[in-house]
file target.cif (mmCIF, C-alpha atoms)
data_data
loop_
_atom_site.label_atom_id
_atom_site.label_comp_id
_atom_site.auth_asym_id
_atom_site.auth_seq_id
_atom_site.Cartn_x
_atom_site.Cartn_y
_atom_site.Cartn_z
CA MET A 1 74.94 -1.63 150.32
CA ARG A 2 78.67 -1.31 149.79
CA ARG A 3 78.03 0.27 146.38
CA PHE A 4 75.66 2.82 148.00
CA LEU A 5 78.20 3.70 150.67
CA ALA A 6 80.86 4.17 148.00
CA LEU A 7 78.70 6.72 146.22
CA LEU A 8 78.17 8.94 149.28
CA PRO A 9 81.49 10.90 149.00
CA ALA A 10 80.78 11.67 145.34
CA VAL A 11 77.28 12.90 146.17
CA ALA A 12 78.63 15.09 148.94
CA LEU A 13 81.27 16.57 146.60
CA LEU A 14 78.67 17.24 143.90
CA SER A 15 76.29 18.95 146.32
CA ALA A 16 79.08 21.33 147.35
CA CYS A 17 79.22 22.59 143.74
CA ILE A 18 75.48 23.23 143.42
CA ASP A 19 74.24 26.76 144.15
CA ILE A 20 71.15 26.09 146.26
CA PRO A 21 68.78 29.13 146.26
CA GLN A 22 68.43 30.83 149.61
CA ALA A 23 65.28 32.38 151.02
CA PRO A 24 65.24 36.15 150.41
CA LYS A 25 66.34 38.35 153.30
CA HIS A 26 64.04 41.34 153.67
CA ASP A 27 66.55 43.33 155.69
CA ALA A 28 69.05 43.21 152.82
CA VAL A 29 66.90 45.28 150.44
CA ARG A 30 68.71 48.49 149.46
CA ARG A 31 66.85 51.67 148.71
CA PRO A 32 68.10 54.20 146.18
CA ALA A 33 70.30 56.91 147.68
CA SER A 34 67.88 59.52 146.32
CA ALA A 35 65.15 58.20 148.59
CA ALA A 36 67.06 59.44 151.62
CA PHE A 37 67.20 63.02 150.30
CA THR A 38 64.30 64.95 151.83
CA PRO A 39 64.70 68.74 151.73
CA ARG A 40 63.32 70.77 154.59
CA PRO A 41 59.94 72.49 153.98
CA GLU A 42 61.50 75.92 153.44
CA VAL A 43 63.94 74.44 150.93
CA ARG A 44 61.11 72.66 149.10
CA GLN A 45 59.27 75.98 148.80
CA CYS A 46 62.41 77.66 147.47
CA LEU A 47 62.90 74.87 144.93
CA ALA A 48 59.33 75.42 143.76
CA ASP A 49 59.98 79.16 143.41
CA LEU A 50 63.20 78.49 141.51
CA SER A 51 61.34 76.16 139.15
CA ILE A 52 58.96 78.99 138.25
CA THR A 53 61.93 80.95 136.87
CA ARG A 54 62.52 78.03 134.44
CA ALA A 55 66.08 77.61 135.65
CA SER A 56 67.70 74.21 135.13
CA PHE A 57 69.06 72.89 138.42
CA THR A 58 69.67 69.86 140.59
CA PRO A 59 68.98 69.90 144.36
CA LEU A 60 71.99 68.72 146.35
CA PRO A 61 72.08 66.81 149.67
CA ASP A 62 73.28 68.74 152.71
CA GLN A 63 76.97 68.39 153.52
CA TYR A 64 78.89 69.51 156.58
CA PHE A 65 82.65 69.88 156.19
CA GLY A 66 83.52 71.19 159.65
CA ALA A 67 85.30 74.39 160.66
CA GLY A 68 82.21 76.44 159.78
CA CYS A 69 82.03 75.20 156.19
CA SER A 70 78.93 73.55 154.71
CA THR A 71 76.59 73.33 151.73
CA ILE A 72 73.08 73.21 153.19
CA GLY A 73 69.94 73.65 151.11
CA THR A 74 71.97 74.07 147.94
CA VAL A 75 71.45 73.45 144.25
CA ARG A 76 73.69 73.06 141.22
CA LEU A 77 72.53 75.46 138.52
CA THR A 78 72.93 74.38 134.90
CA SER A 79 71.30 77.36 133.22
CA LEU A 80 68.94 80.27 133.80
CA ARG A 81 66.32 81.85 131.58
CA SER A 82 66.00 85.26 129.98
CA ASP A 83 62.73 86.38 128.44
CA ASP A 84 63.22 84.09 125.45
CA ALA A 85 66.39 82.01 125.78
CA HIS A 86 68.63 79.92 128.01
CA LEU A 87 71.41 81.69 129.88
CA GLN A 88 74.48 79.53 130.38
CA LEU A 89 76.66 79.63 133.51
CA ALA A 90 80.39 78.98 133.82
CA ASN A 91 82.45 77.76 136.78
CA LEU A 92 79.55 77.88 139.23
CA GLY A 93 79.53 75.35 142.08
CA PRO A 94 76.84 74.72 144.73
CA VAL A 95 74.78 77.74 145.76
CA THR A 96 72.04 78.07 148.34
CA CYS A 97 68.58 77.90 146.83
CA PRO A 98 67.57 81.45 147.83
CA LEU A 99 70.79 82.79 146.27
CA ALA A 100 70.09 80.83 143.07
CA ASP A 101 66.55 82.24 142.95
CA THR A 102 67.82 85.79 143.36
CA LEU A 103 70.52 85.22 140.73
CA ALA A 104 67.86 84.02 138.29
CA GLY A 105 65.86 87.24 138.69
CA TRP A 106 68.93 89.45 138.42
CA ALA A 107 70.20 87.67 135.31
CA ARG A 108 66.87 88.04 133.52
CA PHE A 109 65.62 91.44 134.60
CA GLY A 110 68.87 93.18 135.53
CA VAL A 111 71.61 91.86 133.26
CA ASP A 112 69.92 90.63 130.08
CA ARG A 113 67.62 93.60 129.68
CA ALA A 114 70.48 96.04 130.34
CA ALA A 115 72.56 94.26 127.69
CA ARG A 116 69.75 94.58 125.15
CA GLN A 117 69.03 98.22 125.90
CA ILE A 118 72.59 99.53 126.28
CA LEU A 119 74.70 97.21 124.13
CA GLY A 120 72.09 96.14 121.59
CA SER A 121 72.62 92.39 122.09
CA PRO A 122 71.07 89.89 124.50
CA LEU A 123 72.96 88.02 127.19
CA VAL A 124 73.79 84.36 126.56
CA LYS A 125 76.23 83.46 129.32
CA ILE A 126 77.42 84.56 132.75
CA GLU A 127 80.98 83.69 133.73
CA THR A 128 81.79 83.28 137.41
CA MET A 129 84.83 82.60 139.55
CA GLY A 130 82.89 80.14 141.67
CA SER A 131 80.63 80.05 144.68
CA TYR A 132 81.45 77.60 147.49
CA ALA A 133 84.93 77.87 149.03
CA CYS A 134 85.86 77.03 152.61
CA ARG A 135 87.71 80.25 153.44
CA ASN A 136 87.66 83.41 155.52
CA VAL A 137 86.92 86.97 154.51
CA ALA A 138 90.23 88.33 153.23
CA GLY A 139 92.31 89.76 156.05
CA SER A 140 90.05 88.50 158.84
CA ASP A 141 89.30 85.42 160.94
CA ARG A 142 85.60 85.51 159.99
CA ARG A 143 84.19 82.92 157.61
CA SER A 144 83.21 84.22 154.18
CA ALA A 145 79.70 83.71 152.83
CA HIS A 146 81.47 81.51 150.27
CA ALA A 147 82.09 79.00 153.09
CA THR A 148 78.37 78.19 153.14
CA ALA A 149 77.75 78.53 149.37
CA GLY A 150 76.07 81.86 150.06
CA ALA A 151 78.05 84.02 147.63
CA ILE A 152 78.93 84.12 143.94
CA ASP A 153 81.80 85.95 142.22
CA VAL A 154 80.64 87.13 138.79
CA SER A 155 83.49 87.96 136.41
CA ALA A 156 82.09 88.50 132.89
CA PHE A 157 79.06 88.54 130.60
CA ILE A 158 78.94 87.00 127.12
CA LEU A 159 76.55 88.51 124.58
CA ALA A 160 74.83 86.90 121.61
CA ASP A 161 76.98 88.92 119.18
CA GLY A 162 80.14 87.38 120.68
CA ARG A 163 81.26 90.27 122.84
CA ARG A 164 82.67 89.49 126.26
CA ILE A 165 82.20 92.25 128.83
CA SER A 166 84.46 91.58 131.80
CA VAL A 167 84.74 93.34 135.13
CA LEU A 168 88.55 93.27 134.95
CA ASP A 169 88.90 94.69 131.45
CA ASP A 170 85.88 96.93 131.07
CA TRP A 171 84.95 98.38 134.45
CA TYR A 172 87.37 101.28 133.98
CA ALA A 173 88.81 100.79 130.48
CA GLY A 174 85.79 99.69 128.45
CA SER A 175 83.84 101.82 126.00
CA ARG A 176 81.30 104.30 127.36
CA GLU A 177 78.49 101.81 126.69
CA GLU A 178 80.36 98.92 128.29
CA ARG A 179 81.12 100.93 131.41
CA GLN A 180 77.52 102.10 131.57
CA PHE A 181 76.32 98.52 131.23
CA LEU A 182 78.52 97.30 134.11
CA SER A 183 77.41 100.22 136.26
CA ILE A 184 73.72 99.46 135.65
CA VAL A 185 74.30 95.75 136.32
CA HIS A 186 76.06 96.63 139.58
CA GLN A 187 73.24 98.96 140.66
CA SER A 188 70.65 96.32 139.80
CA ALA A 189 72.51 93.76 141.90
CA CYS A 190 72.52 96.14 144.85
CA LYS A 191 68.71 96.22 144.75
CA ARG A 192 68.44 92.44 144.95
CA PHE A 193 71.36 91.14 147.02
CA GLY A 194 72.29 92.03 150.59
CA THR A 195 75.98 92.63 149.83
CA VAL A 196 77.57 93.58 146.50
CA LEU A 197 81.30 94.29 146.18
CA GLY A 198 83.10 95.38 143.02
CA PRO A 199 86.27 97.10 141.81
CA ALA A 200 85.35 100.32 143.60
CA TYR A 201 85.47 98.48 146.93
CA ASN A 202 89.08 97.27 146.91
CA ALA A 203 91.77 95.70 144.75
CA ALA A 204 90.71 92.19 145.73
CA HIS A 205 87.48 92.74 143.77
CA ARG A 206 89.04 94.36 140.70
CA ASP A 207 88.07 91.37 138.52
CA HIS A 208 84.61 90.41 139.76
CA LEU A 209 81.35 91.37 141.42
CA HIS A 210 80.85 89.58 144.72
CA VAL A 211 77.12 89.06 145.39
CA GLU A 212 75.54 87.50 148.47
CA LEU A 213 72.18 87.67 150.21
CA SER A 214 73.44 88.34 153.73
CA GLY A 215 73.95 91.93 154.76
CA SER A 216 71.60 94.89 154.66
CA GLY A 217 72.24 96.76 151.45
CA PHE A 218 76.02 97.02 151.63
CA CYS A 219 76.84 98.12 148.07
CA ARG A 220 80.33 99.16 146.96
#

call {"tool": "encode", "arguments": {"input": "target.cif", "output": "structure tokens"}}
result
Amino acid sequence: MRRFLALLPAVALLSACIDIPQAPKHDAVRRPASAAFTPRPEVRQCLADLSITRASFTPLPDQYFGAGCSTIGTVRLTSLRSDDAHLQLANLGPVTCPLADTLAGWARFGVDRAARQILGSPLVKIETMGSYACRNVAGSDRRSAHATAGAIDVSAFILADGRRISVLDDWYAGSREERQFLSIVHQSACKRFGTVLGPAYNAAHRDHLHVELSGSGFCR
């Protein structure tokens, strides 16, 4: 009996070092973060339409940043499609799905085909100066369409033959064909987007074409 009592402290110490399995707790199961992302019906329809264009994109969860700034119903575009090739994109952040869908159509039918017909080389890349930015319209206290990822600033177009046609360098000073190309691209944008602003509008747009869906055909 004394020997048994002497062993009790050792048994207690040993049991403290043994990891005894616990019964599983059902409320501790974690679901993937992606499972919580459920786009609204109108966004799902837009995503389906965007898929038809064969654009490469990732849907993004809604985010609210306050002060009138948000990214709701947006996607991150990786590339677009022309008739027969991928069109790369540079410096583009989140954009609303309808804006992405309109950009896809403009890039294919407005920009690429104009490049082939006027400059003799297909489009391979569109350079931008970004999309989402929590800021006001220059010189006003009104939020810009950029504050809700509803606008894109397009700065240049790269062709398959290596030429880079930029708004800053070629809108006024480019060759006759380059200026004609930019003019056609601008006119094509005006038919698709609600607001299009370029170098002819003011000095703030001397280096890019601002395109957004909101507005009713404001084209400068």

call {"tool": "resolve_selection", "arguments": {"input": "target.cif", "expression": "the PyMOL selection byres ((chain A and resi 77-83) around 6)", "output": "number ranges by chain"}}
result
A: 55-57, 76, 84-89, 104, 108

call {"tool": "resolve_selection", "arguments": {"input": "target.cif", "expression": "the PyMOL selection byres ((chain A and resi 180) around 12)", "output": "list in words"}}
result
Val111, Ala114, Ala115, Gln117, Ile118, Leu119, Ile165, Val167, Asp170, Trp171, Tyr172, Ala173, Gly174, Ser175, Arg176, Glu177, Glu178, Arg179, Phe181, Leu182, Ser183, Ile184, Val185, His186 and Gln187 of chain A

call {"tool": "resolve_selection", "arguments": {"input": "target.cif", "expression": "the PyMOL selection byres ((chain A and resi 65) around 12)", "output": "PyMOL selection string"}}
result
chain A and resi 62-64+66-72+132-135+147-148

call {"tool": "atom_distance", "arguments": {"input": "target.cif", "atom1": "atom CA of A:Gly150", "atom2": "atom CA of A:Leu123"}}
result
23.9 Å

call {"tool": "residues_near_point", "arguments": {"input": "target.cif", "point": "(71.0, 77.4, 143.1)", "cutoff": "6 Å", "atoms": "all atoms listed in the file", "output": "VMD selection string"}}
result
chain A and resid 74 to 77 95 to 97 100

call {"tool": "atom_distance", "arguments": {"input": "target.cif", "atom1": "atom CA of A:Leu92", "atom2": "atom CA of A:Gly73"}}
result
15.9 Å
